[in-house]
file final.cif (mmCIF, N, CA and C atoms and all ligand atoms)
data_entry
loop_
_atom_site.label_atom_id
_atom_site.label_comp_id
_atom_site.auth_asym_id
_atom_site.auth_seq_id
_atom_site.Cartn_x
_atom_site.Cartn_y
_atom_site.Cartn_z
N MET A 1 0.83 -1.19 0.00
CA MET A 1 0.00 0.00 0.00
C MET A 1 0.87 1.25 0.00
N ILE A 2 0.25 2.37 -0.32
CA ILE A 2 0.95 3.64 -0.44
C ILE A 2 0.53 4.54 0.71
N CYS A 3 1.48 5.19 1.34
CA CYS A 3 1.17 6.13 2.42
C CYS A 3 0.33 7.27 1.87
N SER A 4 -0.71 7.62 2.60
CA SER A 4 -1.62 8.67 2.13
C SER A 4 -1.01 10.05 2.32
N ASN A 5 0.07 10.13 3.07
CA ASN A 5 0.70 11.42 3.34
C ASN A 5 1.93 11.65 2.46
N CYS A 6 2.88 10.71 2.53
CA CYS A 6 4.15 10.93 1.81
C CYS A 6 4.25 10.12 0.53
N ARG A 7 3.22 9.28 0.26
CA ARG A 7 3.15 8.52 -1.00
C ARG A 7 4.28 7.52 -1.15
N ARG A 8 4.86 7.08 -0.04
CA ARG A 8 5.89 6.06 -0.15
C ARG A 8 5.27 4.69 0.09
N ASP A 9 5.91 3.68 -0.48
CA ASP A 9 5.39 2.33 -0.40
C ASP A 9 5.66 1.74 0.98
N ILE A 10 4.60 1.33 1.65
CA ILE A 10 4.74 0.68 2.95
C ILE A 10 3.98 -0.64 2.92
N ALA A 11 4.22 -1.44 3.95
CA ALA A 11 3.61 -2.77 3.99
C ALA A 11 2.08 -2.67 4.07
N ASP A 12 1.43 -3.67 3.48
CA ASP A 12 -0.03 -3.71 3.49
C ASP A 12 -0.57 -3.75 4.91
N ASN A 13 -1.73 -3.14 5.09
CA ASN A 13 -2.47 -3.13 6.36
C ASN A 13 -1.68 -2.47 7.49
N SER A 14 -0.76 -1.57 7.15
CA SER A 14 -0.04 -0.84 8.18
C SER A 14 -0.95 0.23 8.77
N ASN A 15 -0.83 0.43 10.07
CA ASN A 15 -1.63 1.47 10.71
C ASN A 15 -0.95 2.83 10.63
N PHE A 16 0.39 2.79 10.62
CA PHE A 16 1.15 4.03 10.55
C PHE A 16 2.25 3.90 9.50
N CYS A 17 2.59 5.02 8.90
CA CYS A 17 3.68 5.03 7.91
C CYS A 17 5.02 4.96 8.64
N TYR A 18 5.94 4.18 8.09
CA TYR A 18 7.27 4.08 8.70
C TYR A 18 8.07 5.37 8.50
N TYR A 19 7.78 6.06 7.43
CA TYR A 19 8.62 7.18 7.02
C TYR A 19 8.18 8.49 7.67
N CYS A 20 6.88 8.77 7.60
CA CYS A 20 6.41 10.06 8.10
C CYS A 20 5.53 9.91 9.34
N GLY A 21 5.16 8.69 9.68
CA GLY A 21 4.39 8.46 10.89
C GLY A 21 2.92 8.79 10.76
N ALA A 22 2.47 9.05 9.54
CA ALA A 22 1.07 9.40 9.35
C ALA A 22 0.18 8.17 9.55
N ARG A 23 -0.92 8.41 10.21
CA ARG A 23 -1.87 7.32 10.42
C ARG A 23 -2.54 6.97 9.08
N GLN A 24 -2.61 5.68 8.82
CA GLN A 24 -3.17 5.22 7.56
C GLN A 24 -4.65 4.88 7.73
N VAL A 25 -5.45 5.47 6.88
CA VAL A 25 -6.88 5.15 6.86
C VAL A 25 -7.06 4.09 5.78
N VAL A 26 -7.33 2.89 6.22
CA VAL A 26 -7.47 1.80 5.27
C VAL A 26 -8.84 1.90 4.60
N ALA A 27 -8.79 2.13 3.31
CA ALA A 27 -10.02 2.26 2.54
C ALA A 27 -10.68 0.90 2.41
N PRO A 28 -11.99 0.89 2.36
CA PRO A 28 -12.65 -0.41 2.14
C PRO A 28 -12.26 -0.98 0.80
N SER A 29 -11.69 -2.15 0.84
CA SER A 29 -11.10 -2.72 -0.37
C SER A 29 -12.10 -3.55 -1.16
N GLY A 30 -13.36 -3.51 -0.77
CA GLY A 30 -14.35 -4.28 -1.49
C GLY A 30 -14.49 -5.70 -1.00
N GLN A 31 -13.60 -6.09 -0.10
CA GLN A 31 -13.71 -7.44 0.43
C GLN A 31 -14.77 -7.46 1.52
N PRO A 32 -15.56 -8.51 1.58
CA PRO A 32 -16.58 -8.58 2.63
C PRO A 32 -15.92 -8.76 3.99
N THR A 33 -16.42 -8.02 4.97
CA THR A 33 -15.88 -8.14 6.32
C THR A 33 -16.24 -9.52 6.87
N VAL A 34 -15.28 -10.09 7.54
CA VAL A 34 -15.47 -11.44 8.05
C VAL A 34 -16.39 -11.38 9.26
N GLN A 35 -17.57 -11.87 9.06
CA GLN A 35 -18.54 -11.91 10.14
C GLN A 35 -18.76 -13.35 10.54
N ARG A 36 -18.54 -13.61 11.82
CA ARG A 36 -18.79 -14.96 12.30
C ARG A 36 -20.21 -15.03 12.82
N ARG A 37 -21.12 -15.31 11.93
CA ARG A 37 -22.50 -15.48 12.33
C ARG A 37 -22.91 -16.91 12.04
N LEU A 38 -23.70 -17.44 12.98
CA LEU A 38 -24.18 -18.81 12.80
C LEU A 38 -25.35 -18.79 11.83
N MET A 39 -25.06 -19.21 10.61
CA MET A 39 -26.09 -19.23 9.58
C MET A 39 -26.00 -20.54 8.83
N ARG A 40 -27.13 -20.92 8.29
CA ARG A 40 -27.13 -22.13 7.47
C ARG A 40 -26.32 -21.88 6.20
N SER A 41 -25.52 -22.84 5.87
CA SER A 41 -24.70 -22.69 4.68
C SER A 41 -25.54 -22.84 3.43
N SER A 42 -25.34 -21.94 2.50
CA SER A 42 -26.07 -22.03 1.24
C SER A 42 -25.27 -22.79 0.19
N THR A 43 -24.02 -23.06 0.52
CA THR A 43 -23.19 -23.76 -0.46
C THR A 43 -22.87 -25.18 -0.01
N ASP A 44 -22.74 -25.36 1.32
CA ASP A 44 -22.33 -26.65 1.85
C ASP A 44 -23.51 -27.25 2.60
N SER A 45 -24.42 -27.86 1.88
CA SER A 45 -25.62 -28.37 2.54
C SER A 45 -26.00 -29.73 1.97
N LYS A 46 -26.43 -30.60 2.87
CA LYS A 46 -26.99 -31.88 2.44
C LYS A 46 -28.51 -31.87 2.58
N ILE A 47 -29.01 -31.29 3.69
CA ILE A 47 -30.45 -31.22 3.90
C ILE A 47 -30.87 -29.75 3.89
N ALA A 48 -30.46 -29.02 4.92
CA ALA A 48 -30.84 -27.61 5.02
C ALA A 48 -29.62 -26.71 5.24
N GLY A 49 -28.44 -27.28 5.23
CA GLY A 49 -27.23 -26.48 5.42
C GLY A 49 -26.91 -26.19 6.88
N VAL A 50 -27.61 -26.86 7.80
CA VAL A 50 -27.36 -26.61 9.23
C VAL A 50 -25.96 -27.06 9.62
N CYS A 51 -25.62 -28.28 9.24
CA CYS A 51 -24.30 -28.81 9.59
C CYS A 51 -23.20 -28.02 8.88
N GLY A 52 -23.45 -27.65 7.63
CA GLY A 52 -22.48 -26.85 6.90
C GLY A 52 -22.29 -25.50 7.55
N GLY A 53 -23.39 -24.92 8.06
CA GLY A 53 -23.32 -23.64 8.75
C GLY A 53 -22.53 -23.74 10.04
N PHE A 54 -22.76 -24.81 10.79
CA PHE A 54 -21.99 -25.04 12.01
C PHE A 54 -20.51 -25.21 11.68
N ALA A 55 -20.25 -25.94 10.60
CA ALA A 55 -18.87 -26.18 10.20
C ALA A 55 -18.18 -24.88 9.84
N GLU A 56 -18.89 -24.01 9.10
CA GLU A 56 -18.31 -22.72 8.72
C GLU A 56 -18.08 -21.85 9.95
N TYR A 57 -19.02 -21.91 10.90
CA TYR A 57 -18.92 -21.10 12.11
C TYR A 57 -17.76 -21.56 12.97
N LEU A 58 -17.61 -22.87 13.09
CA LEU A 58 -16.58 -23.41 13.96
C LEU A 58 -15.25 -23.58 13.24
N GLY A 59 -15.26 -23.38 11.94
CA GLY A 59 -14.05 -23.59 11.17
C GLY A 59 -13.65 -25.04 11.10
N ALA A 60 -14.66 -25.90 11.10
CA ALA A 60 -14.40 -27.33 11.10
C ALA A 60 -14.86 -27.94 9.79
N ASP A 61 -14.54 -29.21 9.61
CA ASP A 61 -14.96 -29.93 8.42
C ASP A 61 -16.45 -30.25 8.56
N SER A 62 -17.22 -29.93 7.53
CA SER A 62 -18.66 -30.15 7.59
C SER A 62 -18.99 -31.64 7.70
N THR A 63 -18.13 -32.47 7.14
CA THR A 63 -18.36 -33.92 7.24
C THR A 63 -18.26 -34.38 8.68
N VAL A 64 -17.30 -33.82 9.43
CA VAL A 64 -17.13 -34.17 10.83
C VAL A 64 -18.36 -33.73 11.63
N ILE A 65 -18.85 -32.50 11.34
CA ILE A 65 -20.04 -31.98 12.02
C ILE A 65 -21.23 -32.88 11.73
N ARG A 66 -21.38 -33.28 10.46
CA ARG A 66 -22.50 -34.15 10.09
C ARG A 66 -22.41 -35.49 10.80
N LEU A 67 -21.19 -36.01 10.88
CA LEU A 67 -20.98 -37.31 11.53
C LEU A 67 -21.33 -37.22 13.01
N ILE A 68 -20.87 -36.13 13.67
CA ILE A 68 -21.17 -35.94 15.09
C ILE A 68 -22.69 -35.80 15.28
N TRP A 69 -23.30 -35.00 14.40
CA TRP A 69 -24.74 -34.77 14.51
C TRP A 69 -25.51 -36.07 14.29
N LEU A 70 -25.06 -36.85 13.30
CA LEU A 70 -25.73 -38.11 12.99
C LEU A 70 -25.60 -39.08 14.15
N LEU A 71 -24.42 -39.16 14.75
CA LEU A 71 -24.21 -40.04 15.90
C LEU A 71 -25.06 -39.59 17.08
N ALA A 72 -25.10 -38.27 17.31
CA ALA A 72 -25.94 -37.74 18.40
C ALA A 72 -27.40 -38.02 18.12
N PHE A 73 -27.77 -37.92 16.85
CA PHE A 73 -29.14 -38.20 16.41
C PHE A 73 -29.50 -39.65 16.71
N ILE A 74 -28.59 -40.57 16.37
CA ILE A 74 -28.85 -42.00 16.57
C ILE A 74 -28.87 -42.33 18.06
N PHE A 75 -27.84 -41.85 18.79
CA PHE A 75 -27.70 -42.27 20.18
C PHE A 75 -28.65 -41.53 21.10
N SER A 76 -29.24 -40.43 20.64
CA SER A 76 -30.23 -39.72 21.47
C SER A 76 -31.61 -40.33 21.30
N GLY A 77 -31.70 -41.34 20.47
CA GLY A 77 -33.01 -41.95 20.25
C GLY A 77 -33.81 -41.23 19.18
N PHE A 78 -33.11 -40.61 18.22
CA PHE A 78 -33.67 -40.01 17.01
C PHE A 78 -34.50 -38.75 17.26
N ILE A 79 -35.33 -38.72 18.28
CA ILE A 79 -36.25 -37.58 18.45
C ILE A 79 -35.49 -36.31 18.86
N PRO A 80 -34.65 -36.33 19.93
CA PRO A 80 -33.98 -35.07 20.32
C PRO A 80 -33.06 -34.53 19.23
N GLY A 81 -32.30 -35.39 18.59
CA GLY A 81 -31.39 -34.95 17.53
C GLY A 81 -32.14 -34.38 16.34
N GLY A 82 -33.26 -35.06 16.01
CA GLY A 82 -34.09 -34.59 14.90
C GLY A 82 -34.74 -33.26 15.23
N LEU A 83 -35.22 -33.14 16.47
CA LEU A 83 -35.82 -31.86 16.91
C LEU A 83 -34.79 -30.75 16.90
N ALA A 84 -33.57 -31.08 17.37
CA ALA A 84 -32.50 -30.08 17.40
C ALA A 84 -32.19 -29.59 15.98
N TYR A 85 -32.20 -30.53 15.03
CA TYR A 85 -31.93 -30.15 13.65
C TYR A 85 -33.04 -29.25 13.11
N ILE A 86 -34.29 -29.62 13.41
CA ILE A 86 -35.43 -28.83 12.91
C ILE A 86 -35.42 -27.44 13.54
N VAL A 87 -35.12 -27.39 14.86
CA VAL A 87 -35.06 -26.09 15.54
C VAL A 87 -33.95 -25.23 14.94
N ALA A 88 -32.78 -25.84 14.71
CA ALA A 88 -31.67 -25.11 14.10
C ALA A 88 -32.05 -24.64 12.70
N TRP A 89 -32.76 -25.48 11.98
CA TRP A 89 -33.22 -25.16 10.62
C TRP A 89 -34.11 -23.92 10.66
N LEU A 90 -35.01 -23.88 11.68
CA LEU A 90 -35.95 -22.77 11.77
C LEU A 90 -35.27 -21.49 12.26
N VAL A 91 -34.32 -21.66 13.20
CA VAL A 91 -33.74 -20.49 13.88
C VAL A 91 -32.63 -19.87 13.04
N MET A 92 -31.80 -20.70 12.45
CA MET A 92 -30.63 -20.18 11.73
C MET A 92 -31.05 -19.59 10.40
N PRO A 93 -30.67 -18.34 10.13
CA PRO A 93 -30.97 -17.76 8.82
C PRO A 93 -30.06 -18.36 7.76
N LEU A 94 -30.57 -18.36 6.56
CA LEU A 94 -29.79 -18.90 5.45
C LEU A 94 -28.75 -17.86 5.04
N ALA A 95 -27.52 -18.31 4.96
CA ALA A 95 -26.44 -17.40 4.58
C ALA A 95 -26.63 -16.94 3.15
N PRO A 96 -26.38 -15.65 2.91
CA PRO A 96 -26.47 -15.17 1.53
C PRO A 96 -25.40 -15.83 0.67
N LEU A 97 -25.78 -16.18 -0.51
CA LEU A 97 -24.86 -16.86 -1.41
C LEU A 97 -23.82 -15.86 -1.90
N TYR A 98 -22.58 -16.10 -1.50
CA TYR A 98 -21.50 -15.20 -1.90
C TYR A 98 -20.94 -15.65 -3.23
N VAL A 99 -21.15 -14.83 -4.23
CA VAL A 99 -20.63 -15.16 -5.55
C VAL A 99 -19.39 -14.32 -5.81
N PRO A 100 -18.24 -14.93 -5.80
CA PRO A 100 -17.03 -14.15 -6.06
C PRO A 100 -16.98 -13.71 -7.51
N THR A 101 -16.57 -12.46 -7.70
CA THR A 101 -16.47 -11.96 -9.06
C THR A 101 -15.27 -12.59 -9.75
N ALA A 102 -15.55 -13.17 -10.88
CA ALA A 102 -14.51 -13.89 -11.60
C ALA A 102 -13.55 -12.90 -12.24
N THR A 103 -12.32 -12.98 -11.80
CA THR A 103 -11.30 -12.12 -12.39
C THR A 103 -10.52 -12.95 -13.41
N GLN A 104 -10.77 -12.64 -14.64
CA GLN A 104 -10.11 -13.41 -15.68
C GLN A 104 -8.86 -12.66 -16.14
N ALA A 105 -7.74 -13.22 -15.77
CA ALA A 105 -6.48 -12.64 -16.20
C ALA A 105 -6.18 -13.09 -17.63
N PRO A 106 -5.83 -12.14 -18.45
CA PRO A 106 -5.49 -12.55 -19.82
C PRO A 106 -4.23 -13.40 -19.84
N SER A 107 -4.31 -14.48 -20.53
CA SER A 107 -3.18 -15.41 -20.54
C SER A 107 -2.35 -15.20 -21.80
N HIS A 108 -1.12 -14.87 -21.54
CA HIS A 108 -0.18 -14.72 -22.65
C HIS A 108 0.85 -15.83 -22.62
N ALA A 109 0.41 -16.96 -22.08
CA ALA A 109 1.34 -18.06 -21.89
C ALA A 109 1.71 -18.72 -23.21
N ALA A 110 0.77 -18.64 -24.16
CA ALA A 110 1.00 -19.36 -25.41
C ALA A 110 1.68 -18.47 -26.44
N ALA A 111 2.66 -17.71 -25.99
CA ALA A 111 3.39 -16.87 -26.93
C ALA A 111 4.32 -17.74 -27.78
N PRO A 112 4.31 -17.50 -29.06
CA PRO A 112 5.16 -18.35 -29.93
C PRO A 112 6.63 -18.05 -29.70
N GLN A 113 7.37 -19.11 -29.57
CA GLN A 113 8.81 -18.97 -29.35
C GLN A 113 9.54 -19.53 -30.56
N SER A 114 10.46 -18.74 -31.08
CA SER A 114 11.25 -19.23 -32.22
C SER A 114 12.50 -19.90 -31.67
N THR A 115 12.53 -21.21 -31.86
CA THR A 115 13.68 -21.99 -31.37
C THR A 115 14.71 -22.21 -32.46
N GLN A 116 14.37 -21.77 -33.64
CA GLN A 116 15.31 -22.01 -34.75
C GLN A 116 16.39 -20.94 -34.76
N THR A 117 17.57 -21.36 -34.89
CA THR A 117 18.67 -20.41 -35.04
C THR A 117 19.25 -20.54 -36.43
N ALA A 118 19.35 -19.44 -37.09
CA ALA A 118 19.78 -19.47 -38.47
C ALA A 118 21.29 -19.61 -38.62
ZN ZN B 1 4.23 8.44 4.99
#
call {"tool": "encode", "arguments": {"input": "final.cif", "output": "structure tokens"}}
result
Amino acid sequence: MICSNCRRDIADNSNFCYYCGARQVVAPSGQPTVQRRLMRSSTDSKIAGVCGGFAEYLGADSTVIRLIWLLAFIFSGFIPGGLAYIVAWLVMPLAPLYVPTATQAPSHAAAPQSTQTA
């Protein structure tokens, strides 16, 4: 990033400039702010995205969450686990589907190379 005061190149996400000491106001870079909200996953879902949402919230593997939930479902005698899933389904909002903007870099990899030497 560039210092807003002296226009010298400083490390990204710096709070202060090394050279002039000016406080850096980090402009919103268009990236979504990381919000840890418990929401049903709209991308990682088998039934309603509850397990996927828990996995995203906890930063865990959704398969592990599903396995734990399934085991709890079986060993709780099906009703409490099933009720817990339905309650979570009703309570947890569905996460908005985040569609990343596709940045297509032009590829100049296939530039012709002349290997012949005269
Ligand atoms: Zn500066």
call {"tool": "closest_residue", "arguments": {"input": "final.cif", "among": "A:Ile86, A:Leu71, A:Ile2, A:Ala95", "to": "ligand ZN 1 (chain B)", "atoms": "all atoms listed in the file"}}
result
A:Ile2
call {"tool": "atom_distance", "arguments": {"input": "final.cif", "atom1": "atom CA of A:Gly59", "atom2": "atom N of A:Pro93"}}
result
17.5 Å
call {"tool": "atom_distance", "arguments": {"input": "final.cif", "atom1": "atom C of A:Leu58", "atom2": "atom C of A:Met39"}}
result
12.0 Å
call {"tool": "closest_atom_pairs", "arguments": {"input": "final.cif", "of": "chain A", "to": "ligand ZN 1 (chain B)", "cutoff": "8 Å", "atoms": "all atoms listed in the file", "output": "CSV"}}
result
residue,atom,partner,partner_atom,distance
A:Ile2,C,B:ZN1,ZN,6.9
A:Cys3,CA,B:ZN1,ZN,4.6
A:Ser4,N,B:ZN1,ZN,5.5
A:Asn5,C,B:ZN1,ZN,4.7
A:Cys6,N,B:ZN1,ZN,3.6
A:Arg7,N,B:ZN1,ZN,4.9
A:Arg8,N,B:ZN1,ZN,5.2
A:Asp9,N,B:ZN1,ZN,7.4
A:Ile10,N,B:ZN1,ZN,7.9
A:Phe16,C,B:ZN1,ZN,6.7
A:Cys17,CA,B:ZN1,ZN,4.5
A:Tyr18,N,B:ZN1,ZN,5.5
A:Tyr19,C,B:ZN1,ZN,4.8
A:Cys20,N,B:ZN1,ZN,3.7
A:Gly21,N,B:ZN1,ZN,4.8
A:Ala22,N,B:ZN1,ZN,4.9
A:Arg23,N,B:ZN1,ZN,7.3
call {"tool": "atom_distance", "arguments": {"input": "final.cif", "atom1": "atom CA of A:Leu90", "atom2": "atom CA of A:Ile65"}}
result
18.4 Å
call {"tool": "closest_residue", "arguments": {"input": "final.cif", "among": "A:Thr43, A:Asn15, A:Gly52, A:Tyr57", "to": "A:Trp89", "atoms": "only C-alpha atoms"}}
result
A:Gly52
call {"tool": "residues_near_point", "arguments": {"input": "final.cif", "point": "(-27.3, -23.4, 1.7)", "cutoff": "8 Å", "atoms": "only N, CA and C atoms", "output": "count of residues only"}}
result
18
call {"tool": "residues_around", "arguments": {"input": "final.cif", "residues": "A:Phe73", "least_positions_apart": "6", "cutoff": "12 Å", "atoms": "only C-alpha atoms", "output": "ChimeraX atom specification"}}
result
/A:65-67,79-86
